$ cat start-v8.tsv   # TSV, C-alpha atoms
chain	number	residue	atom	x	y	z
A	81	MET	CA	9.42	-31.46	-25.75
A	82	LYS	CA	13.00	-30.26	-25.79
A	83	GLY	CA	15.68	-31.64	-23.51
A	84	LEU	CA	16.70	-30.14	-20.20
A	85	PHE	CA	18.90	-27.09	-20.19
A	86	LYS	CA	22.05	-27.71	-18.16
A	87	PRO	CA	24.01	-24.52	-17.60
A	88	ASN	CA	27.00	-24.19	-15.33
A	89	LEU	CA	25.54	-21.51	-13.08
A	90	TYR	CA	26.42	-20.58	-9.51
A	91	LEU	CA	24.53	-18.08	-7.39
A	92	ALA	CA	25.72	-15.63	-4.72
A	93	LEU	CA	23.59	-13.58	-2.34
A	94	VAL	CA	25.76	-10.62	-1.40
A	95	HIS	CA	25.48	-8.96	2.04
A	96	CYS	CA	28.61	-6.83	1.53
A	97	PRO	CA	29.29	-4.57	-0.30
A	98	VAL	CA	25.69	-3.41	-0.67
A	99	LYS	CA	23.94	-0.06	-0.35
A	100	ASP	CA	21.68	1.08	2.47
A	101	LYS	CA	18.63	3.32	2.07
A	102	ASN	CA	20.90	6.39	1.76
A	103	GLY	CA	23.34	4.86	-0.71
A	104	GLU	CA	26.08	4.20	1.86
A	105	THR	CA	28.05	0.97	1.60
A	106	ILE	CA	27.18	-1.49	4.37
A	107	ALA	CA	27.21	-5.16	5.36
A	108	SER	CA	23.55	-6.18	5.68
A	109	ALA	CA	22.16	-8.80	8.06
A	110	VAL	CA	21.33	-12.30	6.85
A	111	THR	CA	17.58	-13.01	6.54
A	112	ASN	CA	16.55	-16.59	7.23
A	113	LEU	CA	13.94	-16.77	4.46
A	114	ASP	CA	16.51	-15.59	1.89
A	115	LEU	CA	18.41	-18.79	2.61
A	116	HIS	CA	15.38	-21.06	2.30
A	117	ASP	CA	13.50	-19.43	-0.58
A	118	ILE	CA	16.52	-18.90	-2.80
A	119	ALA	CA	17.99	-22.35	-2.03
A	120	ARG	CA	14.66	-23.94	-3.02
A	121	ALA	CA	14.56	-21.92	-6.26
A	122	ALA	CA	18.22	-22.76	-6.92
A	123	ARG	CA	17.49	-26.49	-6.50
A	124	THR	CA	14.40	-26.22	-8.69
A	125	TYR	CA	16.36	-24.67	-11.56
A	126	GLY	CA	19.59	-26.70	-11.29
A	127	VAL	CA	21.96	-24.06	-9.87
A	128	LYS	CA	25.23	-25.78	-8.85
A	129	SER	CA	25.83	-23.99	-5.53
A	130	TYR	CA	24.31	-21.04	-3.69
A	131	TYR	CA	26.84	-18.90	-1.80
A	132	VAL	CA	25.77	-16.63	1.03
A	133	VAL	CA	28.43	-13.92	1.11
A	134	THR	CA	29.07	-12.00	4.32
A	135	PRO	CA	32.29	-10.91	6.03
A	136	LEU	CA	30.56	-10.83	9.45
A	137	LEU	CA	31.69	-13.86	11.41
A	138	ASP	CA	28.59	-14.06	13.61
A	139	GLN	CA	26.42	-14.00	10.48
A	140	GLN	CA	28.52	-16.73	8.89
A	141	GLU	CA	28.05	-18.78	12.05
A	142	LEU	CA	24.28	-18.22	11.93
A	143	VAL	CA	24.13	-19.50	8.36
A	144	ARG	CA	26.21	-22.56	9.27
A	145	THR	CA	23.87	-23.33	12.16
A	146	ILE	CA	20.88	-23.19	9.81
A	147	ILE	CA	22.63	-25.38	7.25
A	148	ASP	CA	23.56	-27.93	9.94
A	149	HIS	CA	19.98	-28.11	11.20
A	150	TRP	CA	18.52	-28.81	7.76
A	151	VAL	CA	21.30	-30.85	6.18
A	152	THR	CA	22.50	-33.11	9.01
A	153	GLY	CA	20.32	-32.23	12.03
A	154	TYR	CA	16.66	-32.74	12.92
A	155	GLY	CA	15.42	-30.79	9.90
A	156	ALA	CA	16.99	-33.28	7.48
A	157	THR	CA	14.64	-36.07	8.57
A	158	TYR	CA	11.68	-33.78	9.32
A	159	ASN	CA	11.75	-32.39	5.77
A	160	PRO	CA	14.11	-34.17	3.33
A	161	LYS	CA	13.02	-31.89	0.46
A	162	ARG	CA	14.29	-28.91	2.40
A	163	ARG	CA	17.58	-30.76	2.94
A	164	GLU	CA	17.94	-31.20	-0.83
A	165	ALA	CA	17.68	-27.43	-1.24
A	166	LEU	CA	19.87	-26.34	1.67
A	167	GLU	CA	22.61	-28.76	0.63
A	168	LEU	CA	23.38	-26.22	-2.10
A	169	LEU	CA	24.17	-23.56	0.48
A	170	GLN	CA	27.76	-22.40	1.06
A	171	VAL	CA	29.15	-19.61	3.23
A	172	ALA	CA	31.83	-17.23	1.94
A	173	GLY	CA	33.41	-14.06	3.34
A	174	THR	CA	33.75	-12.16	0.07
A	175	ILE	CA	32.92	-12.41	-3.61
A	176	ALA	CA	36.66	-12.78	-4.34
A	177	GLU	CA	36.74	-15.86	-2.09
A	178	THR	CA	33.60	-17.20	-3.82
A	179	VAL	CA	35.19	-16.74	-7.25
A	180	ASP	CA	38.36	-18.52	-6.10
A	181	ARG	CA	36.46	-21.45	-4.63
A	182	ILE	CA	34.40	-21.92	-7.79
A	183	GLY	CA	37.63	-21.60	-9.79
A	184	ASN	CA	39.11	-24.45	-7.76
A	185	ILE	CA	36.07	-26.64	-8.45
A	186	GLU	CA	35.77	-25.81	-12.15
A	187	GLY	CA	39.42	-25.33	-13.08
A	188	THR	CA	38.56	-21.87	-14.39
A	189	LYS	CA	37.15	-18.79	-12.71
A	190	PRO	CA	33.45	-18.04	-13.20
A	191	ARG	CA	32.27	-15.03	-15.18
A	192	LEU	CA	30.57	-12.58	-12.87
A	193	ILE	CA	27.04	-11.40	-13.59
A	194	GLY	CA	25.69	-8.39	-11.68
A	195	THR	CA	21.97	-7.66	-11.15
A	196	SER	CA	20.11	-4.47	-10.36
A	197	ALA	CA	16.59	-3.07	-10.39
A	198	ARG	CA	17.86	-0.16	-12.51
A	199	HIS	CA	18.68	-0.03	-16.19
A	200	ASP	CA	22.35	0.29	-17.16
A	201	SER	CA	24.00	1.06	-20.48
A	202	ARG	CA	25.89	-2.24	-20.14
A	203	ASN	CA	22.74	-4.39	-19.68
A	204	ILE	CA	22.64	-7.82	-21.28
A	205	GLY	CA	19.20	-9.33	-21.98
A	206	PHE	CA	17.89	-12.56	-20.48
A	207	LYS	CA	17.80	-14.44	-23.79
A	208	GLU	CA	21.29	-13.28	-24.74
A	209	LEU	CA	22.77	-14.35	-21.40
A	210	ARG	CA	20.94	-17.67	-21.64
A	211	GLU	CA	22.62	-18.23	-25.00
A	212	ARG	CA	26.05	-17.49	-23.50
A	213	PHE	CA	25.51	-20.31	-21.02
A	214	SER	CA	25.72	-22.81	-23.87
A	215	ASP	CA	29.53	-22.42	-23.75
A	216	GLU	CA	29.34	-24.58	-20.59
A	217	LYS	CA	31.80	-22.30	-18.79
A	218	PRO	CA	31.05	-21.41	-15.15
A	219	TYR	CA	29.02	-18.27	-14.43
A	220	LEU	CA	28.35	-16.64	-11.07
A	221	LEU	CA	25.11	-14.68	-10.78
A	222	THR	CA	25.26	-12.12	-7.96
A	223	LEU	CA	22.20	-10.74	-6.16
A	224	GLY	CA	22.36	-7.80	-3.77
A	225	THR	CA	20.50	-7.57	-0.47
A	226	ALA	CA	19.37	-4.28	1.19
A	227	TRP	CA	19.31	-1.49	-1.47
A	228	GLY	CA	21.43	-3.46	-3.94
A	229	LEU	CA	24.99	-4.03	-5.14
A	230	THR	CA	27.31	-1.00	-5.07
A	231	ALA	CA	28.47	0.90	-8.17
A	232	GLU	CA	32.08	-0.14	-7.39
A	233	PHE	CA	31.03	-3.79	-7.31
A	234	MET	CA	29.20	-3.44	-10.64
A	235	GLU	CA	32.32	-2.01	-12.29
A	236	ASP	CA	34.07	-5.34	-11.78
A	237	VAL	CA	31.43	-7.69	-13.19
A	238	GLU	CA	31.59	-9.00	-16.72
A	239	TYR	CA	27.85	-8.74	-17.40
A	240	ILE	CA	25.02	-6.67	-15.93
A	241	LEU	CA	21.70	-8.43	-16.38
A	242	GLU	CA	18.78	-6.24	-17.44
A	243	PRO	CA	16.32	-5.50	-14.62
A	244	VAL	CA	13.19	-7.57	-14.15
A	245	GLN	CA	10.54	-5.30	-15.58
A	246	GLY	CA	6.89	-5.79	-14.67
A	247	ALA	CA	3.84	-4.14	-16.17
A	248	GLY	CA	4.77	-0.58	-15.25
A	249	SER	CA	7.49	1.47	-13.61
A	250	TYR	CA	7.27	-0.11	-10.12
A	251	ASN	CA	10.48	-2.09	-9.61
A	252	HIS	CA	10.66	-3.02	-5.94
A	253	LEU	CA	10.59	-6.79	-5.89
A	254	SER	CA	12.07	-8.60	-2.89
A	255	VAL	CA	15.42	-10.25	-3.61
A	256	ARG	CA	13.67	-13.60	-3.07
A	257	ALA	CA	11.08	-12.84	-5.77
A	258	ALA	CA	13.68	-11.36	-8.15
A	259	ALA	CA	15.90	-14.45	-7.71
A	260	ALA	CA	12.98	-16.75	-8.55
A	261	ILE	CA	11.99	-14.80	-11.68
A	262	ILE	CA	15.59	-14.46	-12.90
A	263	LEU	CA	16.25	-18.21	-12.50
A	264	ASP	CA	13.00	-19.01	-14.30
A	265	ARG	CA	13.89	-16.72	-17.20
A	266	LEU	CA	17.52	-17.88	-17.45
A	267	LEU	CA	17.18	-21.57	-16.67
A	268	GLY	CA	13.52	-22.44	-17.13
A	269	ARG	CA	12.39	-24.87	-19.79
A	270	ASP	CA	11.84	-23.20	-23.12
A	271	ASP	CA	8.77	-25.30	-23.91
A	272	ILE	CA	6.36	-23.57	-21.52
A	273	SER	CA	2.87	-24.11	-22.91
B	186	MET	CA	8.38	-2.78	-28.19
B	187	LYS	CA	4.83	-3.94	-27.66
B	188	GLY	CA	2.36	-2.19	-25.38
B	189	LEU	CA	1.71	-3.06	-21.78
B	190	PHE	CA	-0.46	-6.02	-21.01
B	191	LYS	CA	-3.41	-5.01	-18.83
B	192	PRO	CA	-5.31	-8.03	-17.55
B	193	ASN	CA	-8.07	-7.96	-14.97
B	194	LEU	CA	-6.37	-10.23	-12.46
B	195	TYR	CA	-6.90	-10.52	-8.70
B	196	LEU	CA	-4.78	-12.65	-6.39
B	197	ALA	CA	-5.68	-14.59	-3.24
B	198	LEU	CA	-3.31	-16.22	-0.77
B	199	VAL	CA	-5.35	-18.96	0.88
B	200	HIS	CA	-4.72	-20.01	4.50
B	201	CYS	CA	-7.88	-22.15	4.69
B	202	PRO	CA	-8.72	-24.68	3.34
B	203	VAL	CA	-5.14	-25.94	2.82
B	204	LYS	CA	-3.36	-29.21	3.54
B	205	ASP	CA	-0.84	-29.86	6.29
B	206	LYS	CA	2.20	-32.17	5.96
B	207	ASN	CA	-0.07	-35.22	6.42
B	208	GLY	CA	-2.75	-34.10	3.98
B	209	GLU	CA	-5.24	-33.01	6.65
B	210	THR	CA	-7.24	-29.84	6.03
B	211	ILE	CA	-6.13	-26.95	8.24
B	212	ALA	CA	-6.09	-23.17	8.60
B	213	SER	CA	-2.42	-22.14	8.37
B	214	ALA	CA	-0.82	-19.17	10.11
B	215	VAL	CA	-0.14	-15.94	8.25
B	216	THR	CA	3.55	-15.32	7.44
B	217	ASN	CA	4.62	-11.67	7.41
B	218	LEU	CA	6.93	-12.01	4.40
B	219	ASP	CA	4.12	-13.59	2.34
B	220	LEU	CA	2.28	-10.29	2.69
B	221	HIS	CA	5.25	-8.13	1.69
B	222	ASP	CA	6.84	-10.25	-1.04
B	223	ILE	CA	3.62	-11.13	-2.82
B	224	ALA	CA	2.22	-7.58	-2.52
B	225	ARG	CA	5.42	-6.21	-4.09
B	226	ALA	CA	5.22	-8.76	-6.93
B	227	ALA	CA	1.50	-8.01	-7.37
B	228	ARG	CA	2.24	-4.28	-7.65
B	229	THR	CA	5.09	-4.94	-10.06
B	230	TYR	CA	2.88	-6.93	-12.43
B	231	GLY	CA	-0.32	-4.87	-12.19
B	232	VAL	CA	-2.53	-7.20	-10.10
B	233	LYS	CA	-5.68	-5.30	-9.07
B	234	SER	CA	-5.93	-6.49	-5.45
B	235	TYR	CA	-4.22	-9.11	-3.30
B	236	TYR	CA	-6.53	-10.86	-0.82
B	237	VAL	CA	-5.17	-12.63	2.24
B	238	VAL	CA	-7.79	-15.25	3.04
B	239	THR	CA	-8.08	-16.59	6.58
B	240	PRO	CA	-11.12	-17.33	8.76
B	241	LEU	CA	-9.05	-16.85	11.95
B	242	LEU	CA	-10.02	-13.50	13.47
B	243	ASP	CA	-6.69	-12.96	15.28
B	244	GLN	CA	-4.84	-13.59	12.02
B	245	GLN	CA	-7.12	-11.15	10.19
B	246	GLU	CA	-6.35	-8.60	12.90
B	247	LEU	CA	-2.60	-9.22	12.49
B	248	VAL	CA	-2.83	-8.56	8.76
B	249	ARG	CA	-4.84	-5.38	9.34
B	250	THR	CA	-2.21	-4.14	11.81
B	251	ILE	CA	0.53	-4.70	9.23
B	252	ILE	CA	-1.50	-2.96	6.51
B	253	ASP	CA	-2.17	0.02	8.82
B	254	HIS	CA	1.53	0.38	9.65
B	255	TRP	CA	2.63	0.47	6.01
B	256	VAL	CA	-0.33	2.24	4.40
B	257	THR	CA	-1.25	4.94	6.90
B	258	GLY	CA	1.24	4.59	9.78
B	259	TYR	CA	4.95	5.22	10.21
B	260	GLY	CA	5.92	2.76	7.46
B	261	ALA	CA	4.08	4.81	4.83
B	262	THR	CA	6.49	7.73	5.18
B	263	TYR	CA	9.54	5.58	6.00
B	264	ASN	CA	9.12	3.58	2.77
B	265	PRO	CA	6.52	4.95	0.31
B	266	LYS	CA	7.33	2.21	-2.22
B	267	ARG	CA	6.30	-0.38	0.34
B	268	ARG	CA	3.07	1.55	0.87
B	269	GLU	CA	2.31	1.36	-2.85
B	270	ALA	CA	2.57	-2.42	-2.65
B	271	LEU	CA	0.70	-2.99	0.62
B	272	GLU	CA	-2.16	-0.76	-0.55
B	273	LEU	CA	-3.18	-3.72	-2.71
B	274	LEU	CA	-3.68	-5.92	0.36
B	275	GLN	CA	-7.20	-6.91	1.47
B	276	VAL	CA	-8.34	-9.28	4.21
B	277	ALA	CA	-11.11	-11.81	3.62
B	278	GLY	CA	-12.53	-14.68	5.68
B	279	THR	CA	-13.20	-17.10	2.85
B	280	ILE	CA	-12.73	-17.49	-0.89
B	281	ALA	CA	-16.52	-17.22	-1.30
B	282	GLU	CA	-16.40	-13.81	0.38
B	283	THR	CA	-13.45	-12.81	-1.84
B	284	VAL	CA	-15.37	-13.83	-4.97
B	285	ASP	CA	-18.44	-11.86	-3.83
B	286	ARG	CA	-16.41	-8.73	-3.08
B	287	ILE	CA	-14.68	-8.83	-6.47
B	288	GLY	CA	-18.08	-9.46	-8.05
B	289	ASN	CA	-19.39	-6.29	-6.41
B	290	ILE	CA	-16.44	-4.29	-7.75
B	291	GLU	CA	-16.50	-5.73	-11.26
B	292	GLY	CA	-20.22	-6.32	-11.74
B	293	THR	CA	-19.47	-9.96	-12.53
B	294	LYS	CA	-17.89	-12.74	-10.47
B	295	PRO	CA	-14.24	-13.57	-11.21
B	296	ARG	CA	-13.25	-16.89	-12.75
B	297	LEU	CA	-11.32	-18.95	-10.23
B	298	ILE	CA	-7.86	-20.27	-11.08
B	299	GLY	CA	-6.29	-22.92	-8.82
B	300	THR	CA	-2.54	-23.57	-8.55
B	301	SER	CA	-0.58	-26.62	-7.41
B	302	ALA	CA	2.95	-28.03	-7.54
B	303	ARG	CA	1.48	-31.24	-9.00
B	304	HIS	CA	0.31	-31.98	-12.52
B	305	ASP	CA	-3.44	-32.44	-13.03
B	306	SER	CA	-5.41	-33.74	-15.99
B	307	ARG	CA	-7.28	-30.42	-16.03
B	308	ASN	CA	-4.12	-28.25	-16.28
B	309	ILE	CA	-4.21	-25.15	-18.44
B	310	GLY	CA	-0.87	-23.81	-19.72
B	311	PHE	CA	0.56	-20.37	-18.94
B	312	LYS	CA	0.31	-19.09	-22.50
B	313	GLU	CA	-3.24	-20.37	-22.89
B	314	LEU	CA	-4.39	-18.74	-19.66
B	315	ARG	CA	-2.63	-15.50	-20.65
B	316	GLU	CA	-4.63	-15.51	-23.86
B	317	ARG	CA	-7.88	-15.97	-21.93
B	318	PHE	CA	-7.13	-12.76	-20.03
B	319	SER	CA	-7.65	-10.80	-23.23
B	320	ASP	CA	-11.43	-11.11	-22.68
B	321	GLU	CA	-10.94	-8.44	-19.96
B	322	LYS	CA	-13.18	-10.37	-17.55
B	323	PRO	CA	-12.07	-10.62	-13.91
B	324	TYR	CA	-9.97	-13.62	-12.87
B	325	LEU	CA	-8.94	-14.66	-9.36
B	326	LEU	CA	-5.67	-16.57	-9.07
B	327	THR	CA	-5.53	-18.61	-5.84
B	328	LEU	CA	-2.28	-19.69	-4.16
B	329	GLY	CA	-2.19	-22.19	-1.29
B	330	THR	CA	-0.01	-21.86	1.79
B	331	ALA	CA	1.31	-24.81	3.88
B	332	TRP	CA	1.13	-28.00	1.74
B	333	GLY	CA	-1.23	-26.48	-0.80
B	334	LEU	CA	-4.90	-26.09	-1.73
B	335	THR	CA	-7.19	-29.04	-0.91
B	336	ALA	CA	-8.65	-31.43	-3.51
B	337	GLU	CA	-12.15	-30.25	-2.59
B	338	PHE	CA	-11.15	-26.65	-3.24
B	339	MET	CA	-9.64	-27.57	-6.60
B	340	GLU	CA	-12.90	-29.24	-7.67
B	341	ASP	CA	-14.62	-25.87	-7.57
B	342	VAL	CA	-12.14	-23.81	-9.61
B	343	GLU	CA	-12.66	-23.11	-13.29
B	344	TYR	CA	-9.01	-23.52	-14.28
B	345	ILE	CA	-6.04	-25.34	-12.75
B	346	LEU	CA	-2.79	-23.72	-13.83
B	347	GLU	CA	0.02	-26.07	-14.78
B	348	PRO	CA	2.77	-26.35	-12.12
B	349	VAL	CA	5.91	-24.25	-12.34
B	350	GLN	CA	8.44	-26.77	-13.61
B	351	GLY	CA	12.14	-26.16	-13.16
B	352	ALA	CA	15.04	-28.06	-14.66
B	353	GLY	CA	14.24	-31.41	-13.06
B	354	SER	CA	11.72	-33.12	-10.81
B	355	TYR	CA	12.27	-30.97	-7.70
B	356	ASN	CA	9.10	-28.90	-7.21
B	357	HIS	CA	9.30	-27.36	-3.76
B	358	LEU	CA	9.32	-23.63	-4.36
B	359	SER	CA	8.13	-21.34	-1.60
B	360	VAL	CA	4.71	-19.81	-2.25
B	361	ARG	CA	6.49	-16.42	-2.46
B	362	ALA	CA	8.79	-17.65	-5.24
B	363	ALA	CA	5.99	-19.49	-7.05
B	364	ALA	CA	3.80	-16.37	-6.94
B	365	ALA	CA	6.60	-14.26	-8.45
B	366	ILE	CA	7.28	-16.72	-11.28
B	367	ILE	CA	3.59	-17.23	-12.05
B	368	LEU	CA	2.95	-13.48	-12.24
B	369	ASP	CA	5.99	-13.01	-14.47
B	370	ARG	CA	4.83	-15.77	-16.82
B	371	LEU	CA	1.20	-14.63	-16.91
B	372	LEU	CA	1.58	-10.86	-16.82
B	373	GLY	CA	5.18	-10.11	-17.77
B	374	ARG	CA	6.00	-8.18	-20.91
B	375	ASP	CA	6.23	-10.41	-23.96
B	376	ASP	CA	9.20	-8.50	-25.37
B	377	ILE	CA	11.87	-9.82	-22.99
B	378	SER	CA	15.19	-9.55	-24.76
$ encode --input "start-v8.tsv" --output "structure tokens"
Amino acid sequence: MKGLFKPNLYLALVHCPVKDKNGETIASAVTNLDLHDIARAARTYGVKSYYVVTPLLDQQELVRTIIDHWVTGYGATYNPKRREALELLQVAGTIAETVDRIGNIEGTKPRLIGTSARHDSRNIGFKELRERFSDEKPYLLTLGTAWGLTAEFMEDVEYILEPVQGAGSYNHLSVRAAAAIILDRLLGRDDIS
Amino acid sequence: MKGLFKPNLYLALVHCPVKDKNGETIASAVTNLDLHDIARAARTYGVKSYYVVTPLLDQQELVRTIIDHWVTGYGATYNPKRREALELLQVAGTIAETVDRIGNIEGTKPRLIGTSARHDSRNIGFKELRERFSDEKPYLLTLGTAWGLTAEFMEDVEYILEPVQGAGSYNHLSVRAAAAIILDRLLGRDDIS
């Protein structure tokens, strides 16, 4: 059995800028289960922090209330395993702020990785990206809510991860399911029997 | 690039018999996002049908209402991709009923696969189970809600799949995330770059 893989990966769930059903740029609403499911997957796979990115102050406040409940409030004693996951959760107003905060922690800014359900000429494969992680530099994997990250956003990322492809052409996973699969492929043990 | 992998796999999300926080056997409540997220993952990976198993008649009715909305009601035209996923959804009262119904479709009963977050002396690995699928016989993968499938239930399954293991000892994925990762490992393309 090989040793554990310890990358320097951060995760961001982006609520703005994302696309709506018609391709317009919007700020989407925070979904409670996105916080829980993705925090639990992030803890499972050793992600360093999980940023929920929204410029909407009432949405930021909602996320902080949920974090407080599970990390220091009643939820922390009711379900300590949930506390361990939600401790990873951070709130940020923008991706630029997220990048700066990680830069302050790491001493160098993270490399941005975009994700999408569609193929792109710039796609990097899962195995190739996994190999890049061995440089131990910080990386920030961004996931879009609603109908996904905007084209303008994708222009600014360093890497665009190839889409999760299933058995056919259907590519409409929830962001929670896509996050879980992506973390398993990028950070999972390579000795799966 | 290798061809598509076409197994004969069915999925069941079990709400009874499962364990509660204290290990007691219960019937858990249906969670709306379990239906959507797991149906979308099932469609993505070519699962033949996704059974929601609950003996509670009001819960069965709730699931049927959700299916009707997305498959024949307003949701079907609002979001046809969601319809494609929720078309896979079936309601059943028990696992025995699920096995019988699949048996009627396939002409032979499916082999039952149990899942758990804990290791078991009977565990079969992902790659090994994937190889079994090449016999083209029907298999039924069972996922537990709440605190998981009961020990009595696990005694009756033919295979117990090894747990999804992340980077460390934390093993508290949501059933939605676990389902996505398991389907990707069992049914995903083997040419991931």
$ residues_around --input "start-v8.tsv" --residues "stretch 332-347 of chain B" --least-positions-apart "4" --cutoff "9 Å" --atoms "all atoms listed in the file" --output "JSON, numbers by chain"
{"A": [273], "B": [199, 200, 201, 202, 203, 204, 205, 206, 207, 208, 209, 210, 296, 297, 298, 299, 300, 301, 302, 303, 304, 305, 307, 308, 309, 310, 311, 314, 327, 328]}
$ interface_residues --input "start-v8.tsv" --of "chain A" --to "chain B" --cutoff "10 Å" --atoms "only C-alpha atoms" --output "short mmCIF file (atom, residue, chain, number, x, y, z; two decimals) with C-alpha atoms, in the frame of the given file"
data_model
loop_
_atom_site.label_atom_id
_atom_site.label_comp_id
_atom_site.auth_asym_id
_atom_site.auth_seq_id
_atom_site.Cartn_x
_atom_site.Cartn_y
_atom_site.Cartn_z
CA GLY A 83 15.68 -31.64 -23.51
CA LEU A 84 16.70 -30.14 -20.20
CA PHE A 85 18.90 -27.09 -20.19
CA LYS A 86 22.05 -27.71 -18.16
CA LYS A 101 18.63 3.32 2.07
CA LEU A 113 13.94 -16.77 4.46
CA HIS A 116 15.38 -21.06 2.30
CA ASP A 117 13.50 -19.43 -0.58
CA ILE A 118 16.52 -18.90 -2.80
CA ALA A 119 17.99 -22.35 -2.03
CA ARG A 120 14.66 -23.94 -3.02
CA ALA A 121 14.56 -21.92 -6.26
CA ALA A 122 18.22 -22.76 -6.92
CA ARG A 123 17.49 -26.49 -6.50
CA THR A 124 14.40 -26.22 -8.69
CA TYR A 125 16.36 -24.67 -11.56
CA GLY A 126 19.59 -26.70 -11.29
CA VAL A 127 21.96 -24.06 -9.87
CA ASN A 159 11.75 -32.39 5.77
CA LYS A 161 13.02 -31.89 0.46
CA ARG A 162 14.29 -28.91 2.40
CA GLU A 164 17.94 -31.20 -0.83
CA ALA A 165 17.68 -27.43 -1.24
CA ILE A 204 22.64 -7.82 -21.28
CA GLY A 205 19.20 -9.33 -21.98
CA PHE A 206 17.89 -12.56 -20.48
CA LYS A 207 17.80 -14.44 -23.79
CA GLU A 208 21.29 -13.28 -24.74
CA LEU A 209 22.77 -14.35 -21.40
CA GLU A 242 18.78 -6.24 -17.44
CA VAL A 244 13.19 -7.57 -14.15
CA GLN A 245 10.54 -5.30 -15.58
CA GLY A 246 6.89 -5.79 -14.67
CA ALA A 247 3.84 -4.14 -16.17
CA GLY A 248 4.77 -0.58 -15.25
CA SER A 249 7.49 1.47 -13.61
CA TYR A 250 7.27 -0.11 -10.12
CA ASN A 251 10.48 -2.09 -9.61
CA HIS A 252 10.66 -3.02 -5.94
CA LEU A 253 10.59 -6.79 -5.89
CA SER A 254 12.07 -8.60 -2.89
CA VAL A 255 15.42 -10.25 -3.61
CA ARG A 256 13.67 -13.60 -3.07
CA ALA A 257 11.08 -12.84 -5.77
CA ALA A 258 13.68 -11.36 -8.15
CA ALA A 259 15.90 -14.45 -7.71
CA ALA A 260 12.98 -16.75 -8.55
CA ILE A 261 11.99 -14.80 -11.68
CA ILE A 262 15.59 -14.46 -12.90
CA LEU A 263 16.25 -18.21 -12.50
CA ASP A 264 13.00 -19.01 -14.30
CA ARG A 265 13.89 -16.72 -17.20
CA LEU A 267 17.18 -21.57 -16.67
CA GLY A 268 13.52 -22.44 -17.13
CA ARG A 269 12.39 -24.87 -19.79
CA ILE A 272 6.36 -23.57 -21.52
CA SER A 273 2.87 -24.11 -22.91
#
$ closest_residue --input "start-v8.tsv" --among "A:Leu166, A:Val110, A:Asn88, A:Val151" --to "A:Thr188" --atoms "all atoms listed in the file"
A:Asn88
$ atom_distance --input "start-v8.tsv" --atom1 "atom CA of A:Ile106" --atom2 "atom CA of A:Ile175"
14.7 Å
$ atom_distance --input "start-v8.tsv" --atom1 "atom CA of B:Lys322" --atom2 "atom CA of B:Gly292"
10.0 Å
$ closest_residue --input "start-v8.tsv" --among "A:Val171, A:Ala92, A:Leu136, A:Leu221" --to "A:Leu266" --atoms "only C-alpha atoms"
A:Leu221
$ atom_distance --input "start-v8.tsv" --atom1 "atom CA of A:Asn112" --atom2 "atom CA of A:Asn184"
28.2 Å
$ closest_residue --input "start-v8.tsv" --among "A:Thr225, A:Thr134, A:Thr157, A:Ser108" --to "A:Thr178" --atoms "all atoms listed in the file"
A:Thr134
$ build_atoms --input "start-v8.tsv" --residues "stretch 111-121 of chain A" --atoms "N, CA and C atoms" --output "compact mmCIF listing (two decimals), keeping the file's coordinate frame"
# COMPACT_ATOMS: atom_id res chain seq x y z
N THR A 111 19.00 -12.75 6.29
CA THR A 111 17.58 -13.01 6.54
C THR A 111 17.32 -14.49 6.31
N ASN A 112 16.75 -15.14 7.31
CA ASN A 112 16.55 -16.59 7.23
C ASN A 112 15.81 -17.03 5.97
N LEU A 113 14.72 -16.33 5.62
CA LEU A 113 13.94 -16.77 4.46
C LEU A 113 14.68 -16.58 3.14
N ASP A 114 15.69 -15.69 3.11
CA ASP A 114 16.51 -15.59 1.89
C ASP A 114 17.26 -16.91 1.66
N LEU A 115 17.69 -17.52 2.75
CA LEU A 115 18.41 -18.79 2.61
C LEU A 115 17.47 -19.86 2.06
N HIS A 116 16.31 -20.00 2.69
CA HIS A 116 15.38 -21.06 2.30
C HIS A 116 14.80 -20.84 0.90
N ASP A 117 14.21 -19.66 0.69
CA ASP A 117 13.50 -19.43 -0.58
C ASP A 117 14.45 -19.53 -1.77
N ILE A 118 15.62 -18.92 -1.64
CA ILE A 118 16.52 -18.90 -2.80
C ILE A 118 17.19 -20.26 -2.98
N ALA A 119 17.45 -20.99 -1.90
CA ALA A 119 17.99 -22.35 -2.03
C ALA A 119 16.98 -23.26 -2.73
N ARG A 120 15.70 -23.12 -2.38
CA ARG A 120 14.66 -23.94 -3.02
C ARG A 120 14.54 -23.60 -4.51
N ALA A 121 14.61 -22.32 -4.85
CA ALA A 121 14.56 -21.92 -6.26
C ALA A 121 15.82 -22.41 -6.99
